[in-house]
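What follows is start_0.cif (mmCIF, C-alpha atoms and all ligand atoms; chains and numbers go by the auth columns).
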data_entry
#
loop_
_atom_site.group_PDB
_atom_site.id
_atom_site.type_symbol
_atom_site.label_atom_id
_atom_site.label_comp_id
_atom_site.label_asym_id
_atom_site.label_seq_id
_atom_site.Cartn_x
_atom_site.Cartn_y
_atom_site.Cartn_z
_atom_site.B_iso_or_equiv
_atom_site.auth_seq_id
_atom_site.auth_asym_id
ATOM 1 C CA MET A 1 -44.704 13.790 -5.788 0.00 1 H
ATOM 2 C CA ASP A 2 -45.587 16.052 -8.672 0.00 2 H
ATOM 3 C CA ASN A 3 -45.124 15.436 -12.383 0.00 3 H
ATOM 4 C CA VAL A 4 -44.630 11.680 -12.536 0.00 4 H
ATOM 5 C CA THR A 5 -45.393 9.154 -15.261 0.00 5 H
ATOM 6 C CA ARG A 6 -46.784 5.795 -14.246 0.00 6 H
ATOM 7 C CA ILE A 7 -45.379 2.778 -16.060 0.00 7 H
ATOM 8 C CA GLY A 8 -46.198 -0.928 -15.902 0.00 8 H
ATOM 9 C CA VAL A 9 -43.340 -3.373 -15.545 0.00 9 H
ATOM 10 C CA SER A 10 -43.593 -7.076 -16.427 0.00 10 H
ATOM 11 C CA ILE A 11 -41.319 -9.162 -14.237 0.00 11 H
ATOM 12 C CA GLU A 12 -40.868 -12.849 -13.377 0.00 12 H
ATOM 13 C CA PRO A 13 -42.090 -13.771 -9.842 0.00 13 H
ATOM 14 C CA ASP A 14 -38.658 -15.075 -8.782 0.00 14 H
ATOM 15 C CA LEU A 15 -36.949 -11.871 -9.825 0.00 15 H
ATOM 16 C CA LEU A 16 -39.617 -9.745 -8.144 0.00 16 H
ATOM 17 C CA GLN A 17 -39.201 -11.694 -4.911 0.00 17 H
ATOM 18 C CA MET A 18 -35.437 -11.095 -4.930 0.00 18 H
ATOM 19 C CA TYR A 19 -36.055 -7.426 -5.689 0.00 19 H
ATOM 20 C CA ASP A 20 -38.514 -7.106 -2.799 0.00 20 H
ATOM 21 C CA GLU A 21 -36.088 -8.792 -0.395 0.00 21 H
ATOM 22 C CA MET A 22 -33.263 -6.516 -1.530 0.00 22 H
ATOM 23 C CA ILE A 23 -35.230 -3.291 -1.185 0.00 23 H
ATOM 24 C CA GLU A 24 -36.620 -4.337 2.177 0.00 24 H
ATOM 25 C CA SER A 25 -33.107 -5.019 3.469 0.00 25 H
ATOM 26 C CA LYS A 26 -32.069 -1.574 2.257 0.00 26 H
ATOM 27 C CA GLY A 27 -35.002 0.062 3.991 0.00 27 H
ATOM 28 C CA TYR A 28 -37.007 1.293 1.003 0.00 28 H
ATOM 29 C CA LYS A 29 -40.648 2.002 1.769 0.00 29 H
ATOM 30 C CA THR A 30 -41.895 1.445 -1.800 0.00 30 H
ATOM 31 C CA ARG A 31 -40.859 -0.447 -4.921 0.00 31 H
ATOM 32 C CA SER A 32 -41.102 2.763 -6.896 0.00 32 H
ATOM 33 C CA GLU A 33 -38.503 4.664 -4.868 0.00 33 H
ATOM 34 C CA ALA A 34 -36.077 1.734 -5.083 0.00 34 H
ATOM 35 C CA PHE A 35 -36.716 1.482 -8.839 0.00 35 H
ATOM 36 C CA ARG A 36 -35.994 5.196 -9.324 0.00 36 H
ATOM 37 C CA ASP A 37 -32.703 4.849 -7.444 0.00 37 H
ATOM 38 C CA LEU A 38 -31.715 1.857 -9.578 0.00 38 H
ATOM 39 C CA ILE A 39 -32.329 3.938 -12.699 0.00 39 H
ATOM 40 C CA ARG A 40 -30.311 6.846 -11.277 0.00 40 H
ATOM 41 C CA ASP A 41 -27.433 4.483 -10.431 0.00 41 H
ATOM 42 C CA ALA A 42 -27.527 3.060 -13.950 0.00 42 H
ATOM 43 C CA LEU A 43 -27.474 6.554 -15.458 0.00 43 H
ATOM 44 C CA THR A 44 -24.546 7.560 -13.238 0.00 44 H
ATOM 45 C CA HIS A 45 -22.715 4.366 -14.211 0.00 45 H
ATOM 46 C CA ASN A 46 -23.359 5.172 -17.856 0.00 46 H
ATOM 47 C CA THR A 47 -21.990 8.699 -17.451 0.00 47 H
ATOM 48 C CA VAL A 48 -18.847 7.486 -15.713 0.00 48 H
ATOM 49 C CA GLU A 49 -18.119 5.199 -18.685 0.00 49 H
ATOM 50 C CA ASP A 50 -17.869 8.319 -20.859 0.00 50 H
ATOM 51 C CA ALA A 51 -14.325 9.633 -20.406 0.00 51 H
ATOM 52 C CA GLU A 52 -15.378 13.117 -21.521 0.00 52 H
ATOM 53 C CA ALA A 53 -18.415 13.366 -19.214 0.00 53 H
ATOM 54 C CA ALA A 54 -18.457 16.067 -16.546 0.00 54 H
ATOM 55 C CA VAL A 55 -18.677 14.710 -13.025 0.00 55 H
ATOM 56 C CA CYS A 56 -18.307 15.789 -9.424 0.00 56 H
ATOM 57 C CA GLY A 57 -17.227 13.628 -6.540 0.00 57 H
ATOM 58 C CA THR A 58 -14.378 12.740 -4.240 0.00 58 H
ATOM 59 C CA ILE A 59 -10.976 11.077 -4.215 0.00 59 H
ATOM 60 C CA THR A 60 -10.331 9.349 -0.898 0.00 60 H
ATOM 61 C CA LEU A 61 -6.723 8.682 0.053 0.00 61 H
ATOM 62 C CA LEU A 62 -5.327 6.676 2.949 0.00 62 H
ATOM 63 C CA TYR A 63 -1.581 7.034 3.385 0.00 63 H
ATOM 64 C CA ASN A 64 1.321 6.736 5.776 0.00 64 H
ATOM 65 C CA HIS A 65 2.724 10.231 6.201 0.00 65 H
ATOM 66 C CA ASN A 66 6.098 8.862 7.406 0.00 66 H
ATOM 67 C CA LYS A 67 6.847 7.060 4.128 0.00 67 H
ATOM 68 C CA GLY A 68 9.489 8.917 2.116 0.00 68 H
ATOM 69 C CA ASP A 69 8.339 12.250 0.737 0.00 69 H
ATOM 70 C CA VAL A 70 4.706 11.219 0.346 0.00 70 H
ATOM 71 C CA LYS A 71 3.387 14.504 1.786 0.00 71 H
ATOM 72 C CA ASP A 72 5.413 16.662 -0.625 0.00 72 H
ATOM 73 C CA LYS A 73 4.507 14.503 -3.605 0.00 73 H
ATOM 74 C CA LEU A 74 0.794 14.543 -2.819 0.00 74 H
ATOM 75 C CA MET A 75 0.947 18.304 -2.320 0.00 75 H
ATOM 76 C CA ASP A 76 2.774 18.850 -5.639 0.00 76 H
ATOM 77 C CA ILE A 77 0.287 16.684 -7.551 0.00 77 H
ATOM 78 C CA GLN A 78 -2.672 18.509 -6.000 0.00 78 H
ATOM 79 C CA HIS A 79 -1.223 21.915 -6.883 0.00 79 H
ATOM 80 C CA ASN A 80 -0.621 20.746 -10.446 0.00 80 H
ATOM 81 C CA HIS A 81 -4.319 19.837 -10.688 0.00 81 H
ATOM 82 C CA HIS A 82 -5.759 22.670 -8.605 0.00 82 H
ATOM 83 C CA HIS A 83 -8.427 23.331 -11.262 0.00 83 H
ATOM 84 C CA LEU A 84 -9.947 19.898 -10.485 0.00 84 H
ATOM 85 C CA ILE A 85 -9.873 20.196 -6.680 0.00 85 H
ATOM 86 C CA SER A 86 -12.205 22.564 -4.846 0.00 86 H
ATOM 87 C CA SER A 87 -11.559 21.456 -1.274 0.00 87 H
ATOM 88 C CA SER A 88 -9.914 18.806 0.854 0.00 88 H
ATOM 89 C CA VAL A 89 -10.199 17.357 4.342 0.00 89 H
ATOM 90 C CA HIS A 90 -7.274 15.808 6.190 0.00 90 H
ATOM 91 C CA VAL A 91 -7.771 13.637 9.267 0.00 91 H
ATOM 92 C CA HIS A 92 -4.933 12.080 11.299 0.00 92 H
ATOM 93 C CA MET A 93 -6.235 8.545 11.891 0.00 93 H
ATOM 94 C CA ASP A 94 -3.423 7.326 14.145 0.00 94 H
ATOM 95 C CA LEU A 95 0.278 8.053 14.697 0.00 95 H
ATOM 96 C CA GLU A 96 1.163 7.266 11.072 0.00 96 H
ATOM 97 C CA ARG A 97 -1.877 7.110 8.857 0.00 97 H
ATOM 98 C CA CYS A 98 -3.734 10.001 7.292 0.00 98 H
ATOM 99 C CA LEU A 99 -7.119 10.024 5.629 0.00 99 H
ATOM 100 C CA GLU A 100 -7.498 12.721 3.001 0.00 100 H
ATOM 101 C CA VAL A 101 -10.662 13.387 0.994 0.00 101 H
ATOM 102 C CA LEU A 102 -10.482 15.678 -2.019 0.00 102 H
ATOM 103 C CA ILE A 103 -13.663 17.259 -3.377 0.00 103 H
ATOM 104 C CA VAL A 104 -13.254 17.209 -7.146 0.00 104 H
ATOM 105 C CA SER A 105 -15.028 18.091 -10.354 0.00 105 H
ATOM 106 C CA GLY A 106 -13.962 17.708 -13.957 0.00 106 H
ATOM 107 C CA LYS A 107 -14.033 15.177 -16.757 0.00 107 H
ATOM 108 C CA VAL A 108 -14.093 11.480 -15.926 0.00 108 H
ATOM 109 C CA ARG A 109 -10.685 10.935 -17.551 0.00 109 H
ATOM 110 C CA GLU A 110 -9.187 13.825 -15.548 0.00 110 H
ATOM 111 C CA ILE A 111 -10.491 12.513 -12.222 0.00 111 H
ATOM 112 C CA MET A 112 -9.320 8.981 -13.051 0.00 112 H
ATOM 113 C CA ALA A 113 -5.855 10.217 -14.080 0.00 113 H
ATOM 114 C CA LEU A 114 -5.559 12.290 -10.901 0.00 114 H
ATOM 115 C CA THR A 115 -6.635 9.308 -8.784 0.00 115 H
ATOM 116 C CA ASP A 116 -4.046 7.090 -10.464 0.00 116 H
ATOM 117 C CA GLU A 117 -1.295 9.668 -10.023 0.00 117 H
ATOM 118 C CA LEU A 118 -2.067 10.177 -6.311 0.00 118 H
ATOM 119 C CA GLY A 119 -2.627 6.472 -5.684 0.00 119 H
ATOM 120 C CA SER A 120 0.710 5.449 -7.206 0.00 120 H
ATOM 121 C CA VAL A 121 2.766 7.612 -4.812 0.00 121 H
ATOM 122 C CA ARG A 122 4.797 5.422 -2.454 0.00 122 H
ATOM 123 C CA GLY A 123 3.140 5.384 0.977 0.00 123 H
ATOM 124 C CA VAL A 124 -0.412 5.718 -0.348 0.00 124 H
ATOM 125 C CA GLN A 125 -2.365 2.602 0.649 0.00 125 H
ATOM 126 C CA ASN A 126 -5.642 3.416 -1.085 0.00 126 H
ATOM 127 C CA GLY A 127 -6.831 5.934 -3.632 0.00 127 H
ATOM 128 C CA VAL A 128 -10.537 5.598 -4.326 0.00 128 H
ATOM 129 C CA PRO A 129 -12.591 7.833 -6.636 0.00 129 H
ATOM 130 C CA VAL A 130 -16.334 8.402 -6.329 0.00 130 H
ATOM 131 C CA MET A 131 -17.870 10.074 -9.375 0.00 131 H
ATOM 132 C CA LEU A 132 -21.427 11.312 -9.709 0.00 132 H
ATOM 133 C CA SER A 133 -23.186 12.900 -12.614 0.00 133 H
ATOM 134 C CA GLY A 134 -25.713 15.609 -12.051 0.00 134 H
ATOM 135 C CA GLU A 135 -27.695 18.306 -13.730 0.00 135 H
ATOM 136 C CA PHE A 136 -25.873 21.420 -12.672 0.00 136 H
ATOM 137 C CA THR A 137 -26.972 24.879 -13.525 0.00 137 H
ATOM 138 C CA GLU A 138 -24.109 26.798 -15.018 0.00 138 H
ATOM 139 C CA HIS A 139 -23.580 30.452 -14.279 0.00 139 H
ATOM 140 C CA HIS A 140 -22.307 32.479 -17.185 0.00 140 H
ATOM 141 C CA HIS A 141 -20.462 35.703 -16.639 0.00 141 H
ATOM 142 C CA ASP A 142 -22.654 37.462 -19.175 0.00 142 H
ATOM 143 C CA GLY A 143 -25.513 36.991 -16.737 0.00 143 H
ATOM 144 C CA LYS A 144 -27.294 34.158 -18.526 0.00 144 H
ATOM 145 C CA VAL A 145 -27.903 30.895 -16.771 0.00 145 H
ATOM 146 C CA THR A 146 -28.297 27.740 -18.826 0.00 146 H
ATOM 147 C CA GLU A 147 -28.560 24.035 -18.147 0.00 147 H
ATOM 148 C CA HIS A 148 -25.717 21.683 -18.893 0.00 148 H
ATOM 149 C CA GLU A 149 -26.078 20.124 -22.299 0.00 149 H
ATOM 150 C CA GLY A 150 -25.767 16.429 -21.664 0.00 150 H
ATOM 151 C CA ALA A 151 -22.450 15.364 -20.230 0.00 151 H
ATOM 152 C CA HIS A 152 -20.277 18.029 -21.793 0.00 152 H
ATOM 153 C CA HIS A 153 -19.121 20.927 -19.755 0.00 153 H
ATOM 154 C CA HIS A 154 -18.195 24.224 -21.325 0.00 154 H
ATOM 155 C CA HIS A 155 -16.829 27.206 -19.472 0.00 155 H
ATOM 156 C CA HIS A 156 -17.408 30.659 -20.880 0.00 156 H
ATOM 157 C CA HIS A 157 -15.343 33.463 -19.466 0.00 157 H
HETATM 158 NI NI NI B . -2.274 13.374 8.957 0.00 201 H
#

Could you quickly redo this structure as structure tokens?
Amino acid sequence: MDNVTRIGVSIEPDLLQMYDEMIESKGYKTRSEAFRDLIRDALTHNTVEDAEAAVCGTITLLYNHNKGDVKDKLMDIQHNHHHLISSSVHVHMDLERCLEVLIVSGKVREIMALTDELGSVRGVQNGVPVMLSGEFTEHHHDGKVTEHEGAHHHHHH
């Protein structure tokens, strides 16, 4: 691995033992890789607590397509928020139940509001969001490419 900084961590033996057992059960080869993932998870968690932060992720829905007008309602809601949804996958799980996964990106508060709206439709059993932060390179139409500045997403057209 190139360009890394080594740090020393002081830790109580009991806590280290629990850490080692946890990372072994998860299949990590080294303490360092597990530690890096813990930091990434913490940073993602921190981003998701910021309602204005830009995130990508999924909204997973499980619903009964025979219940009322659930299909029409879900379709209407998705069209009303088409700017947040880039793709979706629909799988017929059995005679009644459908699994639908929406690929989304937007602000945390937008993804949460969309999840709540979809999840509250009668017939929807589960509506579960997964939100991830990331450093995305933004393409500008004037030809310049710049990094995202922190969590805030700006479109320039
Ligand atoms: Ni279906």

Requested in this report: Considering only C-alpha atoms, return as a ChimeraX atom specification whatever protein or nucleic-acid residues lie within 6 Å of range 77-93 of chain H, sequence-local ones (same chain, fewer than 5 positions apart) excluded.
Outcome: /H:98-106

Query raised in the report: Separation of CA of Asp37 in chain H and CA of Glu12 in chain H, in Å?
Result: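 Here the two named atoms are 20.4 Å from each other.
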
Query - Top pick for closest residue to ligand NI 201 (chain H), considering H:Arg6, H:Arg122, H:Lys71, H:Arg109 and counting all atoms listed in the file - result: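 For ligand NI 201 (chain H), the nearest of the candidates is H:Lys71.
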
Provide an axis-aligned box for all listed atoms of range 111-129 of chain H, padding each side by 5 Å; report its centre and its edge lengths in Å to one decimal, as AutoDock Vina command-line options.
--center_x -3.9 --center_y 7.6 --center_z -6.6 --size_x 27.4 --size_y 19.9 --size_z 25.1

**Report entry** Gap from CA of Val121 in chain H to CA of Glu96 in chain H - Å, one decimal
**Finding:**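 CA of Val121 in chain H sits 16.0 Å away from CA of Glu96 in chain H.
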
Query - Using all atoms listed in the file: which of H:Val108, H:Leu61, H:Leu95, H:Met18 has the shortest distance to Glu49 in chain H - result: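 Closest candidate: H:Val108.
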
Query raised in the report: Which one of H:Asn66, H:Thr47, H:Asn126, H:Thr58 sits closest to ligand NI 201 (chain H) if you count all atoms listed in the file?
Result: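 Nearest to ligand NI 201 (chain H): H:Asn66.
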
Report task. To one decimal in Å, tell me the separation between CA of Gly57 in chain H and CA of Lys107 in chain H. Result ->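 One can read the CA of Gly57 in chain H to CA of Lys107 in chain H distance as 10.8 Å.
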
Query - Residues matched by the PyMOL selection byres (((chain H and resi 27-36) around 12) and not hetatm), written as a PyMOL selection string - result: chain H and resi 1+4-9+16-26+37-43
